[in-house]
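Student: Structure: coords_3.cif, mmCIF, C-alpha atoms.
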```cif
data_entry
loop_
_atom_site.label_atom_id
_atom_site.label_comp_id
_atom_site.auth_asym_id
_atom_site.auth_seq_id
_atom_site.Cartn_x
_atom_site.Cartn_y
_atom_site.Cartn_z
CA MET A 1 92.02 -5.60 91.98
CA SER A 2 90.51 -3.04 94.31
CA ARG A 3 92.45 -0.08 95.52
CA LYS A 4 90.69 -0.07 98.84
CA PRO A 5 93.01 -1.75 101.33
CA VAL A 6 90.69 -3.86 103.45
CA LYS A 7 87.04 -4.48 102.90
CA GLY A 8 84.82 -5.44 105.77
CA GLU A 9 82.61 -8.46 105.74
CA TYR A 10 79.56 -6.23 105.67
CA ILE A 11 78.35 -3.33 103.60
CA GLU A 12 76.98 -0.71 105.98
CA THR A 13 74.49 1.70 104.50
CA ASP A 14 73.61 5.24 105.61
CA THR A 15 70.43 4.01 107.22
CA GLY A 16 72.36 1.54 109.33
CA ASN A 17 71.66 -1.63 107.39
CA LYS A 18 74.45 -4.17 107.58
CA VAL A 19 74.39 -6.45 104.57
CA ALA A 20 76.95 -9.21 104.27
CA ARG A 21 78.82 -9.26 100.99
CA LYS A 22 78.02 -12.92 100.67
CA ALA A 23 74.28 -12.42 101.05
CA VAL A 24 72.27 -13.21 97.94
CA LEU A 25 69.75 -10.51 97.17
CA VAL A 26 67.86 -11.18 93.95
CA GLY A 27 65.78 -8.37 92.47
CA THR A 28 67.05 -5.66 94.81
CA GLN A 29 64.74 -3.02 93.34
CA HIS A 30 61.80 -4.82 94.94
CA ILE A 31 63.36 -5.20 98.40
CA MET A 32 62.74 -2.54 101.06
CA LEU A 33 64.89 -2.42 104.17
CA GLY A 34 63.63 -0.25 107.03
CA GLY A 35 67.07 0.50 108.42
CA LYS A 36 69.32 -1.03 111.09
CA THR A 37 68.68 -4.42 109.58
CA VAL A 38 71.35 -7.11 109.59
CA ILE A 39 71.57 -9.55 106.70
CA GLN A 40 74.20 -12.21 107.28
CA ALA A 41 76.15 -14.26 104.76
CA ASP A 42 74.27 -16.69 102.48
CA ALA A 43 70.92 -15.22 103.41
CA MET A 44 68.76 -15.11 100.31
CA ILE A 45 65.96 -12.71 99.53
CA ARG A 46 63.87 -13.26 96.42
CA GLY A 47 62.91 -9.75 95.46
CA ASP A 48 62.45 -10.75 91.85
CA LEU A 49 59.23 -12.55 92.67
CA ALA A 50 57.27 -9.31 92.71
CA ARG A 51 53.58 -8.95 92.19
CA THR A 52 52.80 -9.04 88.51
CA SER A 53 50.79 -6.01 87.45
CA GLN A 54 47.12 -6.75 87.48
CA PRO A 55 44.91 -5.31 84.79
CA SER A 56 42.28 -4.38 87.36
CA SER A 57 39.71 -1.65 86.93
CA THR A 58 40.05 -0.42 90.50
CA SER A 59 43.66 0.63 90.06
CA GLY A 60 42.53 3.94 88.66
CA ALA A 61 41.32 4.90 92.10
CA ALA A 62 44.85 5.15 93.40
CA PRO A 63 46.87 7.18 90.92
CA GLY A 64 49.15 8.33 93.72
CA ALA A 65 50.66 4.89 94.02
CA ALA A 66 54.27 5.25 92.98
CA PRO A 67 55.71 2.79 90.48
CA GLY A 68 58.22 1.81 93.15
CA SER A 69 55.43 0.57 95.38
CA ASN A 70 55.66 -2.83 93.79
CA THR A 71 57.63 -4.17 96.72
CA ALA A 72 58.13 -7.91 96.95
CA VAL A 73 59.81 -8.04 100.37
CA ALA A 74 59.43 -5.27 102.95
CA ILE A 75 61.53 -5.48 106.09
CA GLY A 76 61.16 -3.21 109.14
CA ARG A 77 63.80 -1.87 111.49
CA TYR A 78 66.21 -3.89 113.60
CA CYS A 79 65.54 -7.14 111.82
CA PHE A 80 68.17 -9.84 111.96
CA LEU A 81 68.45 -12.36 109.13
CA SER A 82 70.86 -15.12 110.12
CA LYS A 83 73.14 -17.16 107.90
CA GLY A 84 71.50 -19.27 105.23
CA CYS A 85 67.96 -18.10 105.74
CA CYS A 86 65.70 -17.48 102.79
CA LEU A 87 62.87 -14.98 102.42
CA ARG A 88 60.56 -15.41 99.46
CA PRO A 89 57.20 -13.90 98.72
CA PRO A 90 54.26 -16.30 98.66
CA GLY A 91 52.40 -16.93 95.43
CA ARG A 92 48.95 -18.21 94.58
CA ILE A 93 46.16 -18.15 92.03
CA TYR A 94 44.28 -14.89 92.48
CA LYS A 95 41.33 -13.93 90.27
CA GLY A 96 42.21 -16.57 87.74
CA SER A 97 45.87 -15.73 87.32
CA PHE A 98 48.92 -16.66 89.32
CA THR A 99 50.59 -13.86 91.23
CA TYR A 100 53.17 -13.40 93.92
CA LEU A 101 52.12 -11.22 96.83
CA PRO A 102 54.41 -9.16 99.04
CA LEU A 103 56.08 -10.54 102.15
CA ARG A 104 56.12 -8.05 105.01
CA LEU A 105 58.29 -8.25 108.09
CA GLY A 106 57.71 -5.90 111.03
CA ASP A 107 60.37 -4.48 113.36
CA HIS A 108 62.70 -6.52 115.57
CA VAL A 109 62.17 -9.76 113.68
CA PHE A 110 64.81 -12.41 114.22
CA VAL A 111 65.12 -15.13 111.56
CA GLY A 112 67.28 -18.10 112.52
CA GLU A 113 69.82 -20.01 110.45
CA GLY A 114 68.56 -22.09 107.55
CA THR A 115 65.00 -20.89 107.95
CA VAL A 116 62.72 -20.45 104.94
CA VAL A 117 60.02 -17.79 105.32
CA GLN A 118 57.16 -17.66 102.81
CA ALA A 119 54.70 -15.90 105.10
CA ALA A 120 52.37 -13.12 104.02
CA THR A 121 52.95 -11.02 107.14
CA VAL A 122 55.26 -11.32 110.10
CA GLY A 123 54.48 -8.85 112.90
CA SER A 124 56.89 -6.98 115.11
CA HIS A 125 59.05 -8.52 117.82
CA VAL A 126 58.91 -12.01 116.39
CA HIS A 127 61.58 -14.61 117.03
CA ILE A 128 61.85 -17.38 114.44
CA GLY A 129 64.29 -20.12 115.37
CA GLN A 130 66.65 -22.04 113.14
CA ASN A 131 65.67 -24.55 110.43
CA VAL A 132 62.08 -23.42 110.56
CA VAL A 133 59.80 -23.48 107.54
CA ILE A 134 57.06 -20.85 107.47
CA GLY A 135 54.46 -21.92 104.90
CA GLU A 136 52.94 -19.72 102.26
CA PHE A 137 50.51 -17.02 103.38
CA ALA A 138 51.02 -17.69 107.07
CA ILE A 139 50.32 -14.64 109.21
CA ILE A 140 52.39 -14.22 112.35
CA LYS A 141 51.24 -11.50 114.75
CA ASP A 142 53.40 -9.55 117.21
CA TYR A 143 55.49 -11.07 120.01
CA VAL A 144 55.48 -14.62 118.70
CA ARG A 145 58.23 -17.13 119.28
CA VAL A 146 58.64 -19.93 116.72
CA LEU A 147 60.87 -22.63 118.16
CA ASP A 148 63.66 -24.39 116.24
CA GLY A 149 62.68 -26.93 113.59
CA ALA A 150 59.02 -25.95 113.49
CA VAL A 151 57.06 -26.29 110.25
CA VAL A 152 54.34 -23.67 110.16
CA PRO A 153 51.70 -24.86 107.67
CA PRO A 154 50.48 -22.61 104.87
CA ASN A 155 47.77 -20.08 105.74
CA MET A 156 48.20 -20.51 109.51
CA VAL A 157 47.46 -17.45 111.61
CA ILE A 158 49.51 -17.29 114.80
CA PRO A 159 48.04 -14.99 117.46
CA SER A 160 50.15 -12.57 119.49
CA PHE A 161 52.21 -13.78 122.44
CA SER A 162 52.13 -17.43 121.34
CA ILE A 163 54.94 -19.91 121.32
CA VAL A 164 54.66 -22.40 118.46
CA ALA A 165 56.61 -25.58 117.73
CA GLY A 166 56.34 -28.93 116.02
CA GLN A 167 55.76 -30.40 112.61
CA PRO A 168 53.13 -29.19 111.76
CA ALA A 169 53.44 -26.27 114.14
CA ARG A 170 50.93 -25.82 116.94
CA VAL A 171 50.64 -23.28 119.70
CA VAL A 172 52.47 -24.87 122.62
CA GLY A 173 52.57 -21.99 125.05
CA GLU A 174 52.38 -18.34 125.75
CA VAL A 175 55.03 -15.68 126.17
CA PRO A 176 55.10 -14.98 129.92
CA GLU A 177 54.27 -11.59 131.34
CA GLY A 178 57.29 -9.32 131.05
CA GLY A 179 58.89 -11.77 128.65
CA HIS A 180 58.49 -9.41 125.73
CA GLU A 181 61.73 -7.61 126.52
CA ALA A 182 63.68 -10.59 125.23
CA PHE A 183 62.51 -9.77 121.71
CA GLU A 184 64.49 -6.49 121.55
CA LEU A 185 67.19 -6.78 118.90
CA ARG A 186 68.96 -3.43 119.40
CA GLU A 187 71.81 -5.01 121.35
CA LEU A 188 72.18 -7.88 118.91
CA TYR A 189 72.43 -5.37 116.07
CA LYS A 190 75.55 -3.89 117.60
CA THR A 191 77.31 -7.24 117.85
CA VAL A 192 77.70 -7.70 114.09
CA GLY A 193 79.19 -5.56 111.38
CA ASN A 194 82.63 -4.40 110.48
CA ASN A 195 83.51 -3.34 114.02
CA PRO A 196 81.36 -5.53 116.22
CA GLN A 197 80.88 -4.85 119.88
CA PRO A 198 80.37 -7.55 122.48
CA LEU A 199 76.98 -8.05 124.07
CA PRO A 200 76.68 -6.21 127.39
CA VAL A 201 76.41 -8.65 130.25
CA MET B 1 84.56 8.00 96.14
CA SER B 2 85.95 8.07 92.65
CA SER B 3 83.90 6.64 89.85
CA SER B 4 86.57 4.04 89.22
CA ASN B 5 85.74 2.50 92.56
CA LYS B 6 83.29 0.13 90.95
CA ARG B 7 81.24 -2.08 93.14
CA GLN B 8 82.07 -5.71 92.68
CA SER B 9 79.37 -8.21 92.02
CA ILE B 10 77.95 -9.74 95.15
CA LEU B 11 77.69 -13.07 93.41
CA PRO B 12 80.76 -15.19 94.00
CA ARG B 13 82.43 -16.91 91.10
CA ILE B 14 80.49 -20.05 90.51
CA GLN B 15 82.66 -22.76 89.13
CA SER B 16 82.60 -25.80 91.31
CA GLY B 17 83.13 -28.55 88.78
CA PRO B 18 83.21 -29.49 85.13
CA LYS B 19 80.62 -27.86 82.94
CA ALA B 20 77.90 -30.39 82.30
CA PRO B 21 76.75 -31.30 78.80
CA VAL B 22 73.18 -30.08 78.54
CA ASN B 23 70.19 -30.74 76.37
CA PHE B 24 67.64 -27.98 76.72
CA SER B 25 64.29 -27.46 75.14
CA SER B 26 64.01 -23.99 73.62
CA SER B 27 61.09 -23.01 75.86
CA ILE B 28 62.71 -23.48 79.27
CA THR B 29 63.51 -20.75 81.76
CA ILE B 30 66.78 -21.13 83.59
CA ALA B 31 68.26 -18.45 85.81
CA ASP B 32 71.75 -17.20 85.25
CA SER B 33 72.94 -18.21 88.71
CA ALA B 34 71.82 -21.82 88.54
CA GLN B 35 74.69 -24.28 88.81
CA LEU B 36 74.93 -27.17 86.39
CA THR B 37 77.94 -29.42 86.90
CA GLY B 38 78.97 -33.00 86.22
CA ASN B 39 80.00 -35.28 83.37
CA HIS B 40 76.68 -36.77 82.33
CA THR B 41 73.96 -35.09 80.35
CA ILE B 42 71.40 -32.82 81.97
CA ASN B 43 68.12 -32.87 80.05
CA ILE B 44 65.48 -30.22 80.68
CA SER B 45 62.22 -30.53 78.77
CA SER B 46 59.86 -27.86 77.56
CA GLU B 47 58.52 -25.05 79.74
CA SER B 48 60.35 -26.09 82.90
CA VAL B 49 61.71 -23.42 85.21
CA VAL B 50 64.97 -23.52 87.15
CA HIS B 51 65.27 -20.81 89.81
CA PRO B 52 68.47 -18.96 90.72
CA ARG B 53 71.00 -20.90 92.79
CA ALA B 54 69.52 -24.29 92.05
CA LYS B 55 72.26 -26.88 91.80
CA LEU B 56 72.09 -29.78 89.37
CA ASP B 57 75.00 -32.18 89.60
CA SER B 58 75.23 -34.98 87.05
CA ALA B 59 78.53 -36.42 88.31
CA ASN B 60 76.79 -39.67 89.26
CA GLY B 61 74.41 -40.12 86.34
CA ARG B 62 72.13 -38.38 83.92
CA ILE B 63 69.63 -35.84 85.18
CA THR B 64 66.32 -35.58 83.42
CA ILE B 65 63.81 -32.86 84.21
CA GLY B 66 60.41 -33.35 82.59
CA ARG B 67 57.95 -30.91 81.10
CA ARG B 68 56.59 -28.00 83.14
CA CYS B 69 58.62 -28.73 86.24
CA ILE B 70 59.62 -26.03 88.70
CA VAL B 71 62.96 -26.39 90.45
CA HIS B 72 63.25 -23.80 93.19
CA GLU B 73 66.35 -22.13 94.60
CA ARG B 74 69.00 -23.88 96.65
CA THR B 75 67.92 -27.33 95.61
CA ASN B 76 70.59 -29.93 95.17
CA ILE B 77 69.55 -32.43 92.52
CA GLY B 78 72.00 -35.27 92.03
CA ALA B 79 73.67 -34.99 95.42
CA VAL B 80 76.24 -37.62 96.26
CA SER B 81 74.80 -40.33 98.43
CA ALA B 82 76.46 -41.51 101.62
CA ASP B 83 76.10 -45.06 100.29
CA PRO B 84 79.00 -45.66 97.86
CA THR B 85 77.67 -48.82 96.11
CA PRO B 86 77.13 -48.13 92.42
CA SER B 87 73.56 -48.22 91.21
CA GLU B 88 72.54 -50.40 88.25
CA SER B 89 70.60 -47.55 86.69
CA ARG B 90 72.34 -45.22 84.30
CA ASP B 91 70.00 -42.47 85.32
CA GLY B 92 70.99 -40.28 88.21
CA VAL B 93 67.74 -38.47 88.86
CA VAL B 94 64.54 -38.38 86.85
CA VAL B 95 62.07 -35.63 87.69
CA SER B 96 58.87 -36.35 85.77
CA ASP B 97 56.44 -33.88 84.21
CA TYR B 98 54.62 -31.28 86.31
CA ALA B 99 56.74 -31.91 89.42
CA THR B 100 57.69 -29.12 91.81
CA VAL B 101 60.91 -29.27 93.79
CA GLU B 102 60.84 -26.65 96.54
CA VAL B 103 63.55 -24.60 98.26
CA GLY B 104 66.50 -26.47 99.72
CA VAL B 105 65.47 -29.96 98.66
CA VAL B 106 68.22 -32.57 98.35
CA ILE B 107 67.69 -35.40 95.86
CA GLU B 108 70.43 -38.01 95.92
CA SER B 109 71.67 -39.46 92.68
CA GLY B 110 71.43 -43.11 91.63
CA GLY B 111 68.24 -44.15 89.85
CA THR B 112 66.05 -41.79 91.85
CA VAL B 113 62.66 -41.13 90.31
CA ILE B 114 60.26 -38.32 91.18
CA GLY B 115 56.86 -39.18 89.73
CA GLU B 116 54.59 -37.05 87.66
CA GLY B 117 52.97 -34.10 89.42
CA CYS B 118 54.84 -34.62 92.69
CA HIS B 119 55.29 -31.76 95.09
CA VAL B 120 58.47 -32.04 97.14
CA GLY B 121 58.25 -29.64 100.08
CA VAL B 122 60.85 -27.24 101.44
CA GLY B 123 63.98 -28.86 102.82
CA SER B 124 63.00 -32.46 102.11
CA ARG B 125 65.59 -35.12 101.45
CA ILE B 126 65.12 -37.98 99.01
CA GLY B 127 67.53 -40.87 99.28
CA LYS B 128 69.37 -42.65 96.49
CA GLY B 129 67.24 -44.89 94.32
CA ALA B 130 63.96 -43.86 95.96
CA GLN B 131 60.94 -43.89 93.70
CA LEU B 132 58.07 -41.51 94.23
CA GLY B 133 54.82 -42.43 92.51
CA LYS B 134 52.59 -40.04 90.67
CA HIS B 135 51.15 -36.97 92.36
CA CYS B 136 52.80 -37.52 95.73
CA VAL B 137 53.04 -34.63 98.15
CA LEU B 138 55.92 -34.34 100.59
CA THR B 139 55.37 -31.73 103.26
CA PRO B 140 58.38 -29.63 104.30
CA LYS B 141 61.34 -31.47 105.82
CA SER B 142 60.14 -34.94 104.87
CA VAL B 143 62.77 -37.62 104.51
CA ILE B 144 62.47 -40.51 102.04
CA ARG B 145 64.97 -43.28 102.75
CA PRO B 146 67.24 -44.62 100.01
CA GLY B 147 65.56 -47.21 97.80
CA GLU B 148 62.12 -46.59 99.21
CA VAL B 149 59.13 -46.93 96.86
CA VAL B 150 56.32 -44.49 97.59
CA PRO B 151 52.98 -45.41 95.94
CA ASP B 152 50.95 -42.98 93.81
CA PHE B 153 48.97 -40.20 95.53
CA THR B 154 50.79 -40.56 98.85
CA VAL B 155 50.97 -37.58 101.19
CA VAL B 156 53.90 -37.68 103.59
CA TYR B 157 53.40 -35.32 106.51
CA SER B 158 54.37 -34.67 110.10
CA ASN B 159 57.60 -36.65 110.52
CA GLY B 160 56.75 -39.42 108.08
CA THR B 161 53.05 -40.18 108.65
CA ARG B 162 51.39 -41.17 105.38
CA ARG B 163 47.98 -41.10 103.86
CA LEU B 164 46.46 -41.21 100.39
CA ASP B 165 45.27 -38.12 98.59
CA LYS B 166 41.81 -38.92 97.26
CA ARG B 167 40.80 -35.43 96.22
CA GLY B 168 41.42 -36.05 92.52
CA MET B 169 42.59 -32.56 91.71
CA ILE B 170 45.22 -33.46 89.15
CA ASP B 171 43.85 -31.36 86.34
CA LEU B 172 43.44 -28.31 88.55
CA LYS B 173 46.92 -28.70 89.95
CA ASN B 174 48.44 -29.02 86.51
CA LYS B 175 46.57 -25.95 85.36
CA ALA B 176 47.83 -23.97 88.34
CA GLN B 177 51.34 -25.14 87.61
CA ALA B 178 51.08 -23.91 84.03
CA ARG B 179 49.86 -20.52 85.24
CA GLN B 180 52.70 -20.26 87.72
CA ILE B 181 55.22 -21.06 85.02
CA GLU B 182 53.74 -18.36 82.80
CA VAL B 183 54.39 -15.79 85.54
CA LEU B 184 57.85 -17.12 86.39
CA ARG B 185 58.91 -16.81 82.76
CA LYS B 186 58.26 -13.10 83.00
CA LEU B 187 59.98 -12.71 86.37
CA ILE B 188 63.12 -14.78 85.99
CA PRO B 189 65.59 -13.59 83.37
CA SER B 190 66.49 -16.72 81.47
CA ASN B 191 69.95 -17.40 80.18
CA PRO B 192 70.13 -20.91 78.71
CA ALA B 193 72.96 -19.89 76.42
CA LYS B 194 75.30 -19.70 79.40
CA PHE B 195 75.04 -23.43 79.93
CA GLN B 196 75.00 -24.51 76.31
CA SER B 197 78.22 -24.57 74.37
#
```
Could I get this file's structure written as structure tokens?
Tutor:
Amino acid sequence: MSRKPVKGEYIETDTGNKVARKAVLVGTQHIMLGGKTVIQADAMIRGDLARTSQPSSTSGAAPGAAPGSNTAVAIGRYCFLSKGCCLRPPGRIYKGSFTYLPLRLGDHVFVGEGTVVQAATVGSHVHIGQNVVIGEFAIIKDYVRVLDGAVVPPNMVIPSFSIVAGQPARVVGEVPEGGHEAFELRELYKTVGNNPQPLPV
Amino acid sequence: MSSSNKRQSILPRIQSGPKAPVNFSSSITIADSAQLTGNHTINISSESVVHPRAKLDSANGRITIGRRCIVHERTNIGAVSADPTPSESRDGVVVSDYATVEVGVVIESGGTVIGEGCHVGVGSRIGKGAQLGKHCVLTPKSVIRPGEVVPDFTVVYSNGTRRLDKRGMIDLKNKAQARQIEVLRKLIPSNPAKFQS
């Protein structure tokens, strides 16, 4: 069907994003990728659940806001979305009407396999393990490690440098001094794609 | 790149079984990429919403979705149970009015009943023939064993601990559900015609 001889598993964009062909991106016009982000197969991003326009009187104060600013999911640089994870914006009743609010991921965020993220904000250098559920409107600050199988309750705020685990998730420890280097995802980024390179030992 | 080099759809061909006979209300919202398979009828009542990639399988019995239900993505309603004994009920799964089934929930088929106003949290699993009472809340990753009967207003949390919800917020919750459905109808492009024929 296609005249191109071999297609890679990933689509690599000019800004260095590597998006698996089998990833499910719904509502792509509302998804922002910062660059150098890896999205593996069967990852799902619900961009269609964008904020519904609010007939608010204060909106006139910001006429510079572009129409494209209605982002549902914003992802920073060097994020890694593993197989089967799901990012969806959180929704709630706000000023009498239901609305979805944007989900923001910082830089160097790792999301493990089968994890569902419905947080409001995830900071930079955050490691989220596999089969984790992040509840709606949770706020995760920088340098946080969420261990495998944790269930972060809705509206929880996780302070920086914490390690959380359990069902419901609690802070169980602290990232040790100097331990923040483990959160770098630059090397991991190179190991996937159409011509992957092995991790340096 | 020549213009003839058209980008293929990212969505894989979805055709994993026989097309199920359906019975839809005219006011439902069902996403194009939902999967409805099986031999028995799938009923969806008025104003319910089925998100993309939800999977409803009626191979083992009828599936009935009540009024104003929300079925989120990646759910598997009517999953085949590990227990092969046939159930006496002709119904596979009944999801009553105002229930919410969250992302990645698995509901096994065989006389399973989800009560009115229930909220089934992300990644939960409900066994064959289990019966959830009215207004139960399952927190994420809860497991209900096959055949279990969960009384009304039960909250299942933290690896199976239970308590009763005595807040009495049914009306508020139903109102919020209606509001959410209003918004989802605008956001999710509905294509019921794809499943009807």
Student: Taking only C-alpha atoms into account, which residues of chain A are within 9 Å of chain B, as a PyMOL selection string?
Tutor: chain A and resi 2-4+21-26+48-50+52+86+91-93+96-100+116+131+133+135+151+153+166-168
Student: Please provide as number ranges by chain all residues within 6 Å of His72 in chain B, with the sequence filter that same-chain residues fewer than 6 positions apart are discarded (counting all atoms listed in the file).
Tutor: B: 51, 101-103
Student: Could you list the residues chosen by the PyMOL selection byres ((chain B and resi 108) around 8) in this structure as a ChimeraX atom specification?
Tutor: /B:77-81,93,106-107,109-110,112,125-129
Student: Could you tell me how far CA of Pro196 in chain A lies from CA of Gln130 in chain A, in Å and to one decimal?
Tutor: 22.3 Å
Student: Applied to the shown file, which residues does the PyMOL selection byres ((chain A and resi 120-124) around 9) return, written as a list in words?
Tutor: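 In the shown coordinates, the PyMOL selection byres ((chain A and resi 120-124) around 9) covers Gly76, Pro89, Pro90, Leu101, Pro102, Leu103, Arg104, Leu105, Gly106, Asp107, His108, Val109, Gln118, Ala119, His125, Val126, Glu136, Phe137, Ala138, Ile139, Ile140, Lys141, Asp142, Tyr143, Val144, Asn155 and Ser160 of chain A.
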Student: Could you tell me which of A:Val152, A:Leu199, A:Val19, A:Leu147 comes closest to Ile45 in chain A if we count only C-alpha atoms?
Tutor: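 Nearest candidate to Ile45 in chain A out of A:Val152, A:Leu199, A:Val19, A:Leu147: A:Val19.
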Student: How many Å lie between CA of Cys118 in chain B and CA of Arg162 in chain B, rounded to one decimal?
Tutor: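 Computing the Euclidean distance for CA of Cys118 in chain B and CA of Arg162 in chain B yields 14.7 Å.
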Student: I need the residue nearest Pro146 in chain B from this list: B:Ser45, B:Asn191, B:Ser87, B:Ser197. Use only C-alpha atoms for the distance.
Tutor: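 Of B:Ser45, B:Asn191, B:Ser87, B:Ser197, the one nearest Pro146 in chain B, counting only C-alpha atoms, is B:Ser87.
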Student: Complete range 9-30 of chain A with N, CA and C atoms (output as an mmCIF file, in the coordinates of the input).
Tutor:
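Final file, out_27.cif:
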```cif
data_model
loop_
_atom_site.group_PDB
_atom_site.id
_atom_site.type_symbol
_atom_site.label_atom_id
_atom_site.label_comp_id
_atom_site.auth_asym_id
_atom_site.auth_seq_id
_atom_site.Cartn_x
_atom_site.Cartn_y
_atom_site.Cartn_z
ATOM 1 N N GLU A 9 83.485 -7.360 106.136
ATOM 2 C CA GLU A 9 82.610 -8.460 105.740
ATOM 3 C C GLU A 9 81.242 -7.917 105.332
ATOM 4 N N TYR A 10 80.895 -6.760 105.894
ATOM 5 C CA TYR A 10 79.560 -6.230 105.670
ATOM 6 C C TYR A 10 79.616 -4.919 104.899
ATOM 7 N N ILE A 11 78.556 -4.642 104.194
ATOM 8 C CA ILE A 11 78.350 -3.330 103.600
ATOM 9 C C ILE A 11 77.411 -2.596 104.549
ATOM 10 N N GLU A 12 77.842 -1.457 105.062
ATOM 11 C CA GLU A 12 76.980 -0.710 105.980
ATOM 12 C C GLU A 12 76.428 0.502 105.254
ATOM 13 N N THR A 13 75.121 0.610 105.241
ATOM 14 C CA THR A 13 74.490 1.700 104.500
ATOM 15 C C THR A 13 74.254 2.889 105.421
ATOM 16 N N ASP A 14 73.852 4.018 104.833
ATOM 17 C CA ASP A 14 73.610 5.240 105.610
ATOM 18 C C ASP A 14 72.506 5.036 106.635
ATOM 19 N N THR A 15 71.548 4.216 106.298
ATOM 20 C CA THR A 15 70.430 4.010 107.220
ATOM 21 C C THR A 15 70.727 2.914 108.238
ATOM 22 N N GLY A 16 71.970 2.476 108.286
ATOM 23 C CA GLY A 16 72.360 1.540 109.330
ATOM 24 C C GLY A 16 72.135 0.081 108.992
ATOM 25 N N ASN A 17 71.789 -0.223 107.751
ATOM 26 C CA ASN A 17 71.660 -1.630 107.390
ATOM 27 C C ASN A 17 73.054 -2.239 107.274
ATOM 28 N N LYS A 18 73.178 -3.460 107.726
ATOM 29 C CA LYS A 18 74.450 -4.170 107.580
ATOM 30 C C LYS A 18 74.171 -5.396 106.724
ATOM 31 N N VAL A 19 74.660 -5.369 105.506
ATOM 32 C CA VAL A 19 74.390 -6.450 104.570
ATOM 33 C C VAL A 19 75.690 -7.166 104.264
ATOM 34 N N ALA A 20 75.741 -8.447 104.541
ATOM 35 C CA ALA A 20 76.950 -9.210 104.270
ATOM 36 C C ALA A 20 77.214 -9.247 102.778
ATOM 37 N N ARG A 21 78.495 -9.211 102.414
ATOM 38 C CA ARG A 21 78.820 -9.260 100.990
ATOM 39 C C ARG A 21 78.433 -10.586 100.376
ATOM 40 N N LYS A 22 78.359 -11.605 101.207
ATOM 41 C CA LYS A 22 78.020 -12.920 100.670
ATOM 42 C C LYS A 22 76.520 -13.188 100.704
ATOM 43 N N ALA A 23 75.730 -12.220 101.100
ATOM 44 C CA ALA A 23 74.280 -12.420 101.050
ATOM 45 C C ALA A 23 73.830 -12.397 99.601
ATOM 46 N N VAL A 24 72.770 -13.129 99.310
ATOM 47 C CA VAL A 24 72.270 -13.210 97.940
ATOM 48 C C VAL A 24 70.948 -12.457 97.872
ATOM 49 N N LEU A 25 70.979 -11.265 97.311
ATOM 50 C CA LEU A 25 69.750 -10.510 97.170
ATOM 51 C C LEU A 25 69.390 -10.496 95.686
ATOM 52 N N VAL A 26 68.287 -11.118 95.349
ATOM 53 C CA VAL A 26 67.860 -11.180 93.950
ATOM 54 C C VAL A 26 66.749 -10.155 93.761
ATOM 55 N N GLY A 27 66.823 -9.375 92.721
ATOM 56 C CA GLY A 27 65.780 -8.370 92.470
ATOM 57 C C GLY A 27 65.771 -7.286 93.514
ATOM 58 N N THR A 28 66.917 -6.634 93.713
ATOM 59 C CA THR A 28 67.050 -5.660 94.810
ATOM 60 C C THR A 28 66.086 -4.484 94.680
ATOM 61 N N GLN A 29 65.634 -4.175 93.472
ATOM 62 C CA GLN A 29 64.740 -3.020 93.340
ATOM 63 C C GLN A 29 63.384 -3.276 93.992
ATOM 64 N N HIS A 30 63.073 -4.519 94.305
ATOM 65 C CA HIS A 30 61.800 -4.820 94.940
ATOM 66 C C HIS A 30 61.962 -5.158 96.427
#
```
